[in-house]
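The structure appears below as structure tokens.
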Amino acid sequence: MNYPIVKYVTASAKHSEPEYAGTHNLYDEQLKTVLRTLTTNGYISLGYDTGRDKMFETIDDYGGDTIECVYTGIKIKAATRIIAQNLGFNTEHTYPQSFFNEAEPMKSDLFHLYPTEANANNVRSNYPFGFVVSNITWQQGGSKRGYDYQNTVVFEPRNAHKGNVARSLFYFCVKYGNLGSYMSQKQDSALRLFNVIDTVDERERLRNTRIKSFQNIRNPFIDHPEFIDRIISTFTIANRTPVPKISAAPYNIIFDTLAVNDTVSYYIGIMNYGKANLTINSAVSNAPQFIVESVPPSVPNGELRYIKVKFKPTAINTTYNAALTVSNNDSNIIIPLKGFSNSSIGITKISGEIPADYQLNQNYPNPFNSMTKIYFQIPGFKSVKLSVFDISGKEVAILLNELLQPGKYETTFDAGNLSSGVYYLKMLVNYGMEFSDFKKIVLVK
């Protein structure tokens with residue numbers, strides 16, 4: 001019986017971003033707590049005037065003193081906040097000031113402040129964000145105000161700013177909380193879609209870095225927008241119910257080519273990358289040639305266990321296809337199984353004595369009717385292939401192709417599916433690099 005070698009390896013890795021190392025494998029309130037600490041410790045509050053000065057003069061100047069309204073795309077030339085204000089621009093608070101009574105440090109936190117054209121800012125007011133589907137009362141540059149699917153007034157930013165809005169509000173709610181109950185389930189859901197529609201671009205990354213140079217912290221949701229997928233709620237304290245998550249490796253099993261009634265076993269790794277215990281209810285093969293030998297009753301979260309499956313072909317020259325169904329308390333998985341049989345009906349080691357050299361003997365009987373025995377010997381642990389060719393040089397049967405220990409061997413060749421005639425038996429050791437020989441065999445029916 002052949003078994004694969006299973007080697008356990010212990011390794012350590014260094015997080016590529018040390019500041020986020022503490023977020024590893026955390027979800028919901030635990031993750032929010034770590035992110036709140038990251039965005040609070042060392043935070044520098046600039047004050048409202050200084051913060052806005054930095055925004056207009058440096059943070060949102062992407063060349064030539066050009067300032068762009070995040071909602072309409074309107075651009076002006078302004079080197080300072082005062083000039084920008086004189087040209088009809090002001091400062092948008094993505095999280096409306098009225099919901100936190102214009103208090104610091106929220107009021108001046110640049111991660112939710114943006115330059116806007118004054119009218120667009122007024123139109124947005126303190127409405128929640130969402131998708132406008134009807135009754136549009138204002139639109140410009142891709143942004144619009146109107147009714148959502150529930151006939152509630154919402155403000156929809158243009159696509160280029162949707163993700164920025166979402167990541168600003170994720171940051172704000174995780175750091176400061178749902179002040180004034182501005183955030184809701186409906187708005188949370190819309191923002192998650194915004195986060196997908198408008199992914200982080202180079203300008204947003206640059207803005208994140210520029211703000212850090214003044215406030216001394218970064219927005220984690222810009223560095224890792226996927227963090228929101230590990231937080232079930234931005235508007236309330238909530239933890240998801242821990243669930244298991246199953247994965248199999250490999251997910252497509254191909255067994256060795258065997259003689260009839262020979263066996264080989266395979267260990268299939270079952271990984272639980274969820275947060276709760278994985279219960280394995282059963283593992284069932286739908287073909288008798290694939291035999292489930294052992295199944296772990298459970299897999300703790302973050303760990304690996306193995307299902308052992310044995311392949312035992314019952315007919316020569318056959319390809320077997322089957323499926324292993326693993327029933328569990330996550331989602332049932334189906335693993336394809338495939339195996340092959342050759343023209344041999346088994347190999348027997350007839351002597352453990354180590355031969356002095358390689359040898360392929362003439363088959364017996366020869367000529368033969370359907371079945372004949374083949375004898376050979378090898379002096380070392382080698383890869384051996386026995387195959388049969390017709391007189392045109394076409395390989396018509398593989399009797400053996402595997403690693404063998406030193407010794408003398410006997411195998412039986414069943415030629416029941418071949419026509420009468422002359423054939424050649426060929427033996428290769430280590431792909432012919434160490435030994436090769438052939439014998440003429442005659443099939444008479």
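Lettering and numbering for the structure tokens are positional, with chains as A, B, ... in the shown order, residues counted from 1 in each chain, and ligands counted from 1 in the shown order.
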
Notebook entry, point to check: What's the 8 Å shell around Ser233 (chain A), counting only C-alpha atoms, without same-chain residues fewer than 3 positions away, as an MDAnalysis selection string?
Noted result: chainID A and resid 28 185 188 236:238

Save the residues we just selected, N, CA and C atoms, as a PDB file, in the first residue's frame?
ATOM      1  N   ASP A  28     -15.457  42.324  13.638  1.00  0.00           N
ATOM      2  CA  ASP A  28     -16.514  43.057  14.330  1.00  0.00           C
ATOM      3  C   ASP A  28     -15.970  43.936  15.460  1.00  0.00           C
ATOM      4  N   GLN A 185     -28.916  51.199   9.123  1.00  0.00           N
ATOM      5  CA  GLN A 185     -28.690  49.965   8.381  1.00  0.00           C
ATOM      6  C   GLN A 185     -28.753  50.216   6.877  1.00  0.00           C
ATOM      7  N   ASP A 188     -25.655  52.170   5.783  1.00  0.00           N
ATOM      8  CA  ASP A 188     -24.516  51.258   5.895  1.00  0.00           C
ATOM      9  C   ASP A 188     -24.446  50.350   4.677  1.00  0.00           C
ATOM     10  N   THR A 236     -23.957  50.256  15.088  1.00  0.00           N
ATOM     11  CA  THR A 236     -24.297  49.763  16.416  1.00  0.00           C
ATOM     12  C   THR A 236     -23.246  48.766  16.860  1.00  0.00           C
ATOM     13  N   ILE A 237     -23.286  48.392  18.132  1.00  0.00           N
ATOM     14  CA  ILE A 237     -22.370  47.372  18.640  1.00  0.00           C
ATOM     15  C   ILE A 237     -22.931  46.009  18.268  1.00  0.00           C
ATOM     16  N   ALA A 238     -22.172  45.242  17.513  1.00  0.00           N
ATOM     17  CA  ALA A 238     -22.676  43.952  17.045  1.00  0.00           C
ATOM     18  C   ALA A 238     -21.518  43.028  16.702  1.00  0.00           C
TER      19      ALA A 238
END

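By chain and then residue number, the residues within 10 Å of Ala120 (chain A) are Cys69, Val70, Tyr71, Thr72, Phe89, Asn90, Glu92, Trp138, Gln139, Gln140, Ser143, Lys144 and Arg145 of chain A, counting only C-alpha atoms and disregarding those fewer than 6 positions away in sequence.
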
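Here the question is which of A:Val442, A:Leu400, A:Val133, A:Ile307 gets nearest to Tyr149 (chain A) using only C-alpha atoms, and that residue is A:Val133.
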
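Restricting the calculation to only C-alpha atoms, the smallest distance between Ser181 (chain A) and any of A:Val309, A:Pro355, A:Gln150, A:Tyr95 is found for A:Tyr95.
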
Next item on the list: Extract, using only C-alpha atoms, all DNA, RNA and protein residues at most 8 Å from region 154-161 of chain A, discarding same-chain residues fewer than 5 positions from it, and format them as a PyMOL selection string.
Entry: chain A and resi 70-72+124+127-132+141-148+197-198

Please save C-alpha atoms of the selected residues as a CSV table (one decimal), in the first residue's frame.
chain,number,residue,atom,x,y,z
A,70,VAL,CA,-15.7,66.4,-4.9
A,71,TYR,CA,-19.4,66.4,-5.9
A,72,THR,CA,-19.6,68.3,-9.1
A,124,ARG,CA,-26.3,67.8,0.1
A,127,TYR,CA,-29.2,64.0,4.1
A,128,PRO,CA,-28.0,60.4,4.2
A,129,PHE,CA,-26.1,58.9,1.3
A,130,GLY,CA,-27.8,56.4,-1.0
A,131,PHE,CA,-28.9,55.6,-4.5
A,132,VAL,CA,-31.3,58.0,-6.1
A,141,GLY,CA,-21.5,66.4,-12.4
A,142,GLY,CA,-22.9,62.9,-11.7
A,143,SER,CA,-24.1,63.7,-8.2
A,144,LYS,CA,-27.8,64.0,-7.5
A,145,ARG,CA,-30.5,64.4,-4.8
A,146,GLY,CA,-33.8,62.6,-4.9
A,147,TYR,CA,-35.7,59.6,-3.6
A,148,ASP,CA,-34.3,56.2,-2.9
A,197,ILE,CA,-18.1,50.7,-7.0
A,198,ASP,CA,-15.4,53.2,-6.5

Next item on the list: Excluding region 262-267 of chain A and any residue of its chain fewer than 6 positions from it, enumerate the residues within 12 Å of it, using only C-alpha atoms, and give them as a ChimeraX atom specification.
Entry: /A:1-7,248-256,289-296,304-316,337-342,344-348,399-400,402,411

Restricting it to N, CA and C atoms, dump the selection as a short mmCIF file (atom, residue, chain, number, x, y, z; two decimals), in the first residue's frame.
data_model
loop_
_atom_site.label_atom_id
_atom_site.label_comp_id
_atom_site.auth_asym_id
_atom_site.auth_seq_id
_atom_site.Cartn_x
_atom_site.Cartn_y
_atom_site.Cartn_z
N MET A 1 0.85 -1.19 0.00
CA MET A 1 0.00 0.00 0.00
C MET A 1 0.88 1.24 0.00
N ASN A 2 0.54 2.18 -0.82
CA ASN A 2 1.31 3.42 -0.91
C ASN A 2 0.59 4.55 -0.19
N TYR A 3 1.36 5.38 0.50
CA TYR A 3 0.82 6.55 1.19
C TYR A 3 1.64 7.77 0.84
N PRO A 4 1.01 8.89 0.64
CA PRO A 4 1.79 10.12 0.45
C PRO A 4 2.46 10.51 1.75
N ILE A 5 3.55 11.24 1.64
CA ILE A 5 4.25 11.73 2.82
C ILE A 5 3.60 13.03 3.26
N VAL A 6 3.19 13.09 4.51
CA VAL A 6 2.60 14.31 5.07
C VAL A 6 3.61 14.92 6.02
N LYS A 7 4.04 16.12 5.73
CA LYS A 7 5.07 16.78 6.54
C LYS A 7 4.47 18.02 7.18
N ALA A 248 -10.96 22.56 1.21
CA ALA A 248 -10.25 21.29 1.02
C ALA A 248 -9.04 21.49 0.14
N ALA A 249 -7.98 20.73 0.42
CA ALA A 249 -6.77 20.81 -0.39
C ALA A 249 -6.11 19.43 -0.43
N PRO A 250 -5.82 18.93 -1.63
CA PRO A 250 -6.23 19.50 -2.92
C PRO A 250 -7.72 19.28 -3.16
N TYR A 251 -8.25 19.99 -4.12
CA TYR A 251 -9.68 19.95 -4.38
C TYR A 251 -10.03 19.07 -5.58
N ASN A 252 -9.03 18.44 -6.15
CA ASN A 252 -9.24 17.55 -7.29
C ASN A 252 -8.19 16.45 -7.19
N ILE A 253 -8.60 15.23 -6.84
CA ILE A 253 -7.67 14.16 -6.51
C ILE A 253 -7.50 13.22 -7.69
N ILE A 254 -6.24 13.02 -8.10
CA ILE A 254 -5.91 12.04 -9.14
C ILE A 254 -4.95 11.02 -8.53
N PHE A 255 -5.39 9.77 -8.47
CA PHE A 255 -4.59 8.71 -7.89
C PHE A 255 -3.61 8.14 -8.91
N ASP A 256 -2.64 7.36 -8.39
CA ASP A 256 -1.67 6.69 -9.25
C ASP A 256 -2.36 5.66 -10.14
N GLN A 289 -14.69 1.71 -5.78
CA GLN A 289 -13.24 1.66 -5.92
C GLN A 289 -12.54 2.71 -5.05
N PHE A 290 -13.28 3.70 -4.58
CA PHE A 290 -12.71 4.74 -3.71
C PHE A 290 -13.31 4.54 -2.32
N ILE A 291 -12.49 4.14 -1.40
CA ILE A 291 -12.94 3.72 -0.07
C ILE A 291 -12.49 4.75 0.96
N VAL A 292 -13.44 5.30 1.68
CA VAL A 292 -13.12 6.26 2.75
C VAL A 292 -12.65 5.48 3.96
N GLU A 293 -11.39 5.70 4.36
CA GLU A 293 -10.80 4.94 5.45
C GLU A 293 -10.91 5.64 6.80
N SER A 294 -10.81 6.96 6.81
CA SER A 294 -10.92 7.67 8.08
C SER A 294 -11.42 9.09 7.84
N VAL A 295 -12.22 9.57 8.79
CA VAL A 295 -12.81 10.91 8.71
C VAL A 295 -12.70 11.56 10.09
N PRO A 296 -12.17 12.78 10.18
CA PRO A 296 -12.14 13.45 11.47
C PRO A 296 -13.55 13.87 11.87
N LEU A 304 -6.23 22.18 10.75
CA LEU A 304 -6.28 21.30 9.58
C LEU A 304 -6.39 19.86 10.05
N ARG A 305 -7.26 19.10 9.40
CA ARG A 305 -7.38 17.66 9.64
C ARG A 305 -7.42 16.96 8.28
N TYR A 306 -7.38 15.61 8.31
CA TYR A 306 -7.29 14.88 7.06
C TYR A 306 -8.37 13.80 6.94
N ILE A 307 -8.90 13.68 5.72
CA ILE A 307 -9.74 12.55 5.34
C ILE A 307 -8.87 11.61 4.50
N LYS A 308 -8.90 10.33 4.85
CA LYS A 308 -8.07 9.34 4.15
C LYS A 308 -8.95 8.52 3.21
N VAL A 309 -8.58 8.51 1.93
CA VAL A 309 -9.34 7.79 0.91
C VAL A 309 -8.42 6.81 0.20
N LYS A 310 -8.88 5.58 0.05
CA LYS A 310 -8.10 4.53 -0.63
C LYS A 310 -8.70 4.24 -2.00
N PHE A 311 -7.81 4.07 -2.98
CA PHE A 311 -8.23 3.69 -4.34
C PHE A 311 -7.82 2.25 -4.59
N LYS A 312 -8.78 1.42 -5.03
CA LYS A 312 -8.52 0.01 -5.32
C LYS A 312 -9.27 -0.36 -6.59
N PRO A 313 -8.57 -0.36 -7.74
CA PRO A 313 -9.25 -0.69 -9.01
C PRO A 313 -9.66 -2.15 -9.06
N THR A 314 -10.75 -2.42 -9.76
CA THR A 314 -11.30 -3.78 -9.83
C THR A 314 -11.28 -4.36 -11.24
N ALA A 315 -10.89 -3.57 -12.23
CA ALA A 315 -10.83 -4.06 -13.61
C ALA A 315 -9.62 -3.43 -14.30
N ILE A 316 -9.08 -4.13 -15.29
CA ILE A 316 -7.89 -3.64 -15.97
C ILE A 316 -8.24 -2.54 -16.97
N LEU A 337 -12.79 12.73 -7.74
CA LEU A 337 -11.79 11.68 -7.59
C LEU A 337 -11.56 11.00 -8.93
N LYS A 338 -10.32 10.71 -9.23
CA LYS A 338 -10.01 10.01 -10.48
C LYS A 338 -8.87 9.03 -10.24
N GLY A 339 -8.98 7.85 -10.84
CA GLY A 339 -7.92 6.86 -10.74
C GLY A 339 -7.87 6.01 -12.00
N PHE A 340 -6.76 5.35 -12.20
CA PHE A 340 -6.55 4.56 -13.41
C PHE A 340 -6.04 3.17 -13.04
N SER A 341 -6.42 2.18 -13.84
CA SER A 341 -5.84 0.84 -13.70
C SER A 341 -5.11 0.50 -14.99
N ASN A 342 -4.10 -0.36 -14.85
CA ASN A 342 -3.34 -0.79 -16.03
C ASN A 342 -3.73 -2.22 -16.39
N SER A 344 -2.08 -4.91 -15.67
CA SER A 344 -1.60 -5.89 -14.71
C SER A 344 -2.71 -6.19 -13.71
N ILE A 345 -2.73 -7.42 -13.19
CA ILE A 345 -3.72 -7.76 -12.16
C ILE A 345 -3.04 -7.95 -10.81
N GLY A 346 -1.94 -7.23 -10.62
CA GLY A 346 -1.28 -7.26 -9.33
C GLY A 346 0.20 -7.56 -9.45
N ILE A 347 0.95 -7.02 -8.52
CA ILE A 347 2.39 -7.26 -8.48
C ILE A 347 2.73 -7.88 -7.14
N THR A 348 3.59 -8.91 -7.17
CA THR A 348 3.95 -9.63 -5.96
C THR A 348 5.46 -9.65 -5.82
N LEU A 399 1.66 -1.91 -17.51
CA LEU A 399 1.48 -2.90 -16.46
C LEU A 399 1.89 -2.38 -15.09
N LEU A 400 2.86 -1.48 -15.10
CA LEU A 400 3.42 -1.01 -13.84
C LEU A 400 4.12 0.31 -14.08
N GLU A 402 5.71 2.64 -11.03
CA GLU A 402 5.77 3.09 -9.65
C GLU A 402 7.15 2.84 -9.05
N THR A 411 4.42 -10.27 -11.81
CA THR A 411 3.14 -9.64 -12.10
C THR A 411 2.44 -10.40 -13.21
#

Checklist line | Selection: 10 Å around Phe368 (chain A), only C-alpha atoms, excl. self and same-chain fewer than 3 positions, as a PyMOL selection string | finding: chain A and resi 363-365+371-373+415+420+441-445

Save the residues we just selected, C-alpha atoms, as a JSON list (two decimals), in the first residue's frame?
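Heads up, here's the output in again.json:
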[["chain", "number", "residue", "atom", "x", "y", "z"],
["A", 363, "ASN", "CA", 7.23, -14.07, -19.83],
["A", 364, "TYR", "CA", 5.72, -17.47, -19.08],
["A", 365, "PRO", "CA", 3.95, -19.02, -20.84],
["A", 371, "MET", "CA", -2.83, -14.20, -19.44],
["A", 372, "THR", "CA", 0.88, -14.59, -18.80],
["A", 373, "LYS", "CA", 3.30, -14.01, -15.92],
["A", 415, "ALA", "CA", -4.28, -9.27, -22.59],
["A", 420, "SER", "CA", -3.67, -12.10, -31.37],
["A", 441, "ILE", "CA", 5.80, -11.90, -26.46],
["A", 442, "VAL", "CA", 3.24, -13.74, -28.60],
["A", 443, "LEU", "CA", -0.50, -13.65, -27.94],
["A", 444, "VAL", "CA", -2.50, -16.51, -29.44],
["A", 445, "LYS", "CA", -6.27, -16.69, -29.06]]

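Shell of Ser108 (chain A) at 9 Å, with only C-alpha atoms counted and residues fewer than 5 places along the chain excluded, is Ser45, Leu46, Gly47, Tyr48, Asp49, Thr50, Gly51, Arg52, His93, Ala103 and Leu113 of chain A.
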
Check: Could you pull the residues within 8 Å of region 381-384 of chain A, counting only C-alpha atoms, minus those fewer than 5 positions along the same chain, as a list in words?
Finding: Leu400, Asn401, Glu402, Leu403, Leu404, Gln405, Pro406, Met427, Leu428, Val429, Asn430 and Tyr431 of chain A

Grab the residues selected above and save them as a PDB file, in the first residue's frame with N, CA and C atoms.
ATOM      1  N   LEU A 400       2.860  -1.479 -15.103  1.00  0.00           N
ATOM      2  CA  LEU A 400       3.415  -1.008 -13.839  1.00  0.00           C
ATOM      3  C   LEU A 400       4.120   0.311 -14.083  1.00  0.00           C
ATOM      4  N   ASN A 401       3.963   1.237 -13.159  1.00  0.00           N
ATOM      5  CA  ASN A 401       4.696   2.507 -13.234  1.00  0.00           C
ATOM      6  C   ASN A 401       4.736   3.104 -11.827  1.00  0.00           C
ATOM      7  N   GLU A 402       5.705   2.643 -11.030  1.00  0.00           N
ATOM      8  CA  GLU A 402       5.770   3.091  -9.645  1.00  0.00           C
ATOM      9  C   GLU A 402       7.147   2.840  -9.054  1.00  0.00           C
ATOM     10  N   LEU A 403       7.358   3.370  -7.859  1.00  0.00           N
ATOM     11  CA  LEU A 403       8.598   3.156  -7.126  1.00  0.00           C
ATOM     12  C   LEU A 403       8.541   1.815  -6.417  1.00  0.00           C
ATOM     13  N   LEU A 404       9.619   1.026  -6.551  1.00  0.00           N
ATOM     14  CA  LEU A 404       9.678  -0.286  -5.917  1.00  0.00           C
ATOM     15  C   LEU A 404      10.953  -0.421  -5.100  1.00  0.00           C
ATOM     16  N   GLN A 405      10.855  -1.207  -4.039  1.00  0.00           N
ATOM     17  CA  GLN A 405      12.034  -1.534  -3.251  1.00  0.00           C
ATOM     18  C   GLN A 405      12.841  -2.615  -3.961  1.00  0.00           C
ATOM     19  N   PRO A 406      14.124  -2.782  -3.604  1.00  0.00           N
ATOM     20  CA  PRO A 406      14.929  -3.827  -4.251  1.00  0.00           C
ATOM     21  C   PRO A 406      14.340  -5.211  -3.983  1.00  0.00           C
ATOM     22  N   MET A 427      10.822  -2.841 -20.270  1.00  0.00           N
ATOM     23  CA  MET A 427      11.069  -2.446 -18.881  1.00  0.00           C
ATOM     24  C   MET A 427      12.025  -1.260 -18.855  1.00  0.00           C
ATOM     25  N   LEU A 428      11.633  -0.190 -18.159  1.00  0.00           N
ATOM     26  CA  LEU A 428      12.477   0.992 -17.982  1.00  0.00           C
ATOM     27  C   LEU A 428      12.679   1.231 -16.490  1.00  0.00           C
ATOM     28  N   VAL A 429      13.916   1.484 -16.103  1.00  0.00           N
ATOM     29  CA  VAL A 429      14.235   1.835 -14.722  1.00  0.00           C
ATOM     30  C   VAL A 429      14.736   3.273 -14.703  1.00  0.00           C
ATOM     31  N   ASN A 430      14.088   4.081 -13.856  1.00  0.00           N
ATOM     32  CA  ASN A 430      14.396   5.519 -13.816  1.00  0.00           C
ATOM     33  C   ASN A 430      14.361   6.121 -15.221  1.00  0.00           C
ATOM     34  N   TYR A 431      13.230   5.866 -15.905  1.00  0.00           N
ATOM     35  CA  TYR A 431      12.954   6.415 -17.237  1.00  0.00           C
ATOM     36  C   TYR A 431      13.975   5.962 -18.276  1.00  0.00           C
TER      37      TYR A 431
END

Next item on the list: as a PyMOL selection string, please: all residues of region 294-355 of chain A that backbone DSSP puts in strand (DSSP E or B).
Entry: chain A and resi 294+298-299+304-311+319-328+333-341+344-351

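Note that the spacing between CA of Lys212 (chain A) and CA of Asn119 (chain A) amounts to 29.4 Å.
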
Checklist line | Pairwise distance for CA of Phe111 (chain A) and CA of Asn86 (chain A), rounded to one decimal in Å | finding: 23.7 Å

Checklist line | Point-to-point distance from CA of Ile44 (chain A) to CA of Tyr171 (chain A), Å rounded to tenths | finding: 15.7 Å

Notebook entry, point to check: Could you pull out the alpha helix (DSSP H) residues of region 157-289 of chain A from DSSP and send them as an MDAnalysis selection string?
Noted result: chainID A and resid 159:176 185:197 202:215 220:223

Write a file of the selected residues as a PDB file, in the first residue's frame, keeping C-alpha atoms.
ATOM      1  CA  ASN A 159     -19.123  57.583  -8.962  1.00  0.00           C
ATOM      2  CA  ALA A 160     -15.630  59.058  -8.631  1.00  0.00           C
ATOM      3  CA  HIS A 161     -16.368  60.036  -5.029  1.00  0.00           C
ATOM      4  CA  LYS A 162     -18.633  57.205  -3.875  1.00  0.00           C
ATOM      5  CA  GLY A 163     -15.824  55.111  -2.391  1.00  0.00           C
ATOM      6  CA  ASN A 164     -14.233  58.148  -0.732  1.00  0.00           C
ATOM      7  CA  VAL A 165     -17.531  58.920   1.003  1.00  0.00           C
ATOM      8  CA  ALA A 166     -17.879  55.321   2.182  1.00  0.00           C
ATOM      9  CA  ARG A 167     -14.353  55.039   3.542  1.00  0.00           C
ATOM     10  CA  SER A 168     -14.630  58.434   5.251  1.00  0.00           C
ATOM     11  CA  LEU A 169     -17.806  57.393   7.055  1.00  0.00           C
ATOM     12  CA  PHE A 170     -16.451  53.945   7.944  1.00  0.00           C
ATOM     13  CA  TYR A 171     -13.494  55.721   9.538  1.00  0.00           C
ATOM     14  CA  PHE A 172     -15.676  58.231  11.369  1.00  0.00           C
ATOM     15  CA  CYS A 173     -18.141  55.698  12.774  1.00  0.00           C
ATOM     16  CA  VAL A 174     -15.469  53.275  13.943  1.00  0.00           C
ATOM     17  CA  LYS A 175     -13.406  56.033  15.558  1.00  0.00           C
ATOM     18  CA  TYR A 176     -16.106  58.247  17.060  1.00  0.00           C
ATOM     19  CA  GLN A 185     -28.690  49.965   8.381  1.00  0.00           C
ATOM     20  CA  LYS A 186     -29.883  51.275   5.015  1.00  0.00           C
ATOM     21  CA  GLN A 187     -27.076  53.812   4.683  1.00  0.00           C
ATOM     22  CA  ASP A 188     -24.516  51.258   5.895  1.00  0.00           C
ATOM     23  CA  SER A 189     -25.633  48.902   3.111  1.00  0.00           C
ATOM     24  CA  ALA A 190     -25.406  51.635   0.460  1.00  0.00           C
ATOM     25  CA  LEU A 191     -21.929  52.651   1.611  1.00  0.00           C
ATOM     26  CA  ARG A 192     -20.688  49.083   1.342  1.00  0.00           C
ATOM     27  CA  LEU A 193     -21.762  49.145  -2.303  1.00  0.00           C
ATOM     28  CA  PHE A 194     -20.072  52.544  -2.753  1.00  0.00           C
ATOM     29  CA  ASN A 195     -16.882  50.947  -1.424  1.00  0.00           C
ATOM     30  CA  VAL A 196     -17.033  48.341  -4.194  1.00  0.00           C
ATOM     31  CA  ILE A 197     -18.140  50.654  -7.017  1.00  0.00           C
ATOM     32  CA  GLU A 202      -3.732  56.787  -6.326  1.00  0.00           C
ATOM     33  CA  ARG A 203      -5.187  60.195  -5.468  1.00  0.00           C
ATOM     34  CA  GLU A 204      -6.985  58.801  -2.430  1.00  0.00           C
ATOM     35  CA  ARG A 205      -3.820  57.037  -1.278  1.00  0.00           C
ATOM     36  CA  LEU A 206      -1.876  60.285  -1.676  1.00  0.00           C
ATOM     37  CA  ARG A 207      -4.534  62.172   0.295  1.00  0.00           C
ATOM     38  CA  ASN A 208      -4.280  59.579   3.060  1.00  0.00           C
ATOM     39  CA  THR A 209      -0.517  60.080   3.250  1.00  0.00           C
ATOM     40  CA  ARG A 210      -0.798  63.866   3.175  1.00  0.00           C
ATOM     41  CA  ILE A 211      -3.321  63.900   6.005  1.00  0.00           C
ATOM     42  CA  LYS A 212      -1.071  61.616   8.065  1.00  0.00           C
ATOM     43  CA  SER A 213       1.733  64.166   7.740  1.00  0.00           C
ATOM     44  CA  PHE A 214      -0.490  66.629   9.659  1.00  0.00           C
ATOM     45  CA  GLN A 215      -2.748  64.466  11.850  1.00  0.00           C
ATOM     46  CA  PRO A 220      -7.297  52.223   7.795  1.00  0.00           C
ATOM     47  CA  PHE A 221     -10.196  51.821   5.370  1.00  0.00           C
ATOM     48  CA  ILE A 222      -8.136  53.444   2.612  1.00  0.00           C
ATOM     49  CA  ASP A 223      -5.144  51.225   3.320  1.00  0.00           C
TER      50      ASP A 223
END

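Distance check against Glu19 (chain A) using only C-alpha atoms: of A:Ile354, A:Ile228, A:Leu35, A:Met433, the minimum falls on A:Leu35.
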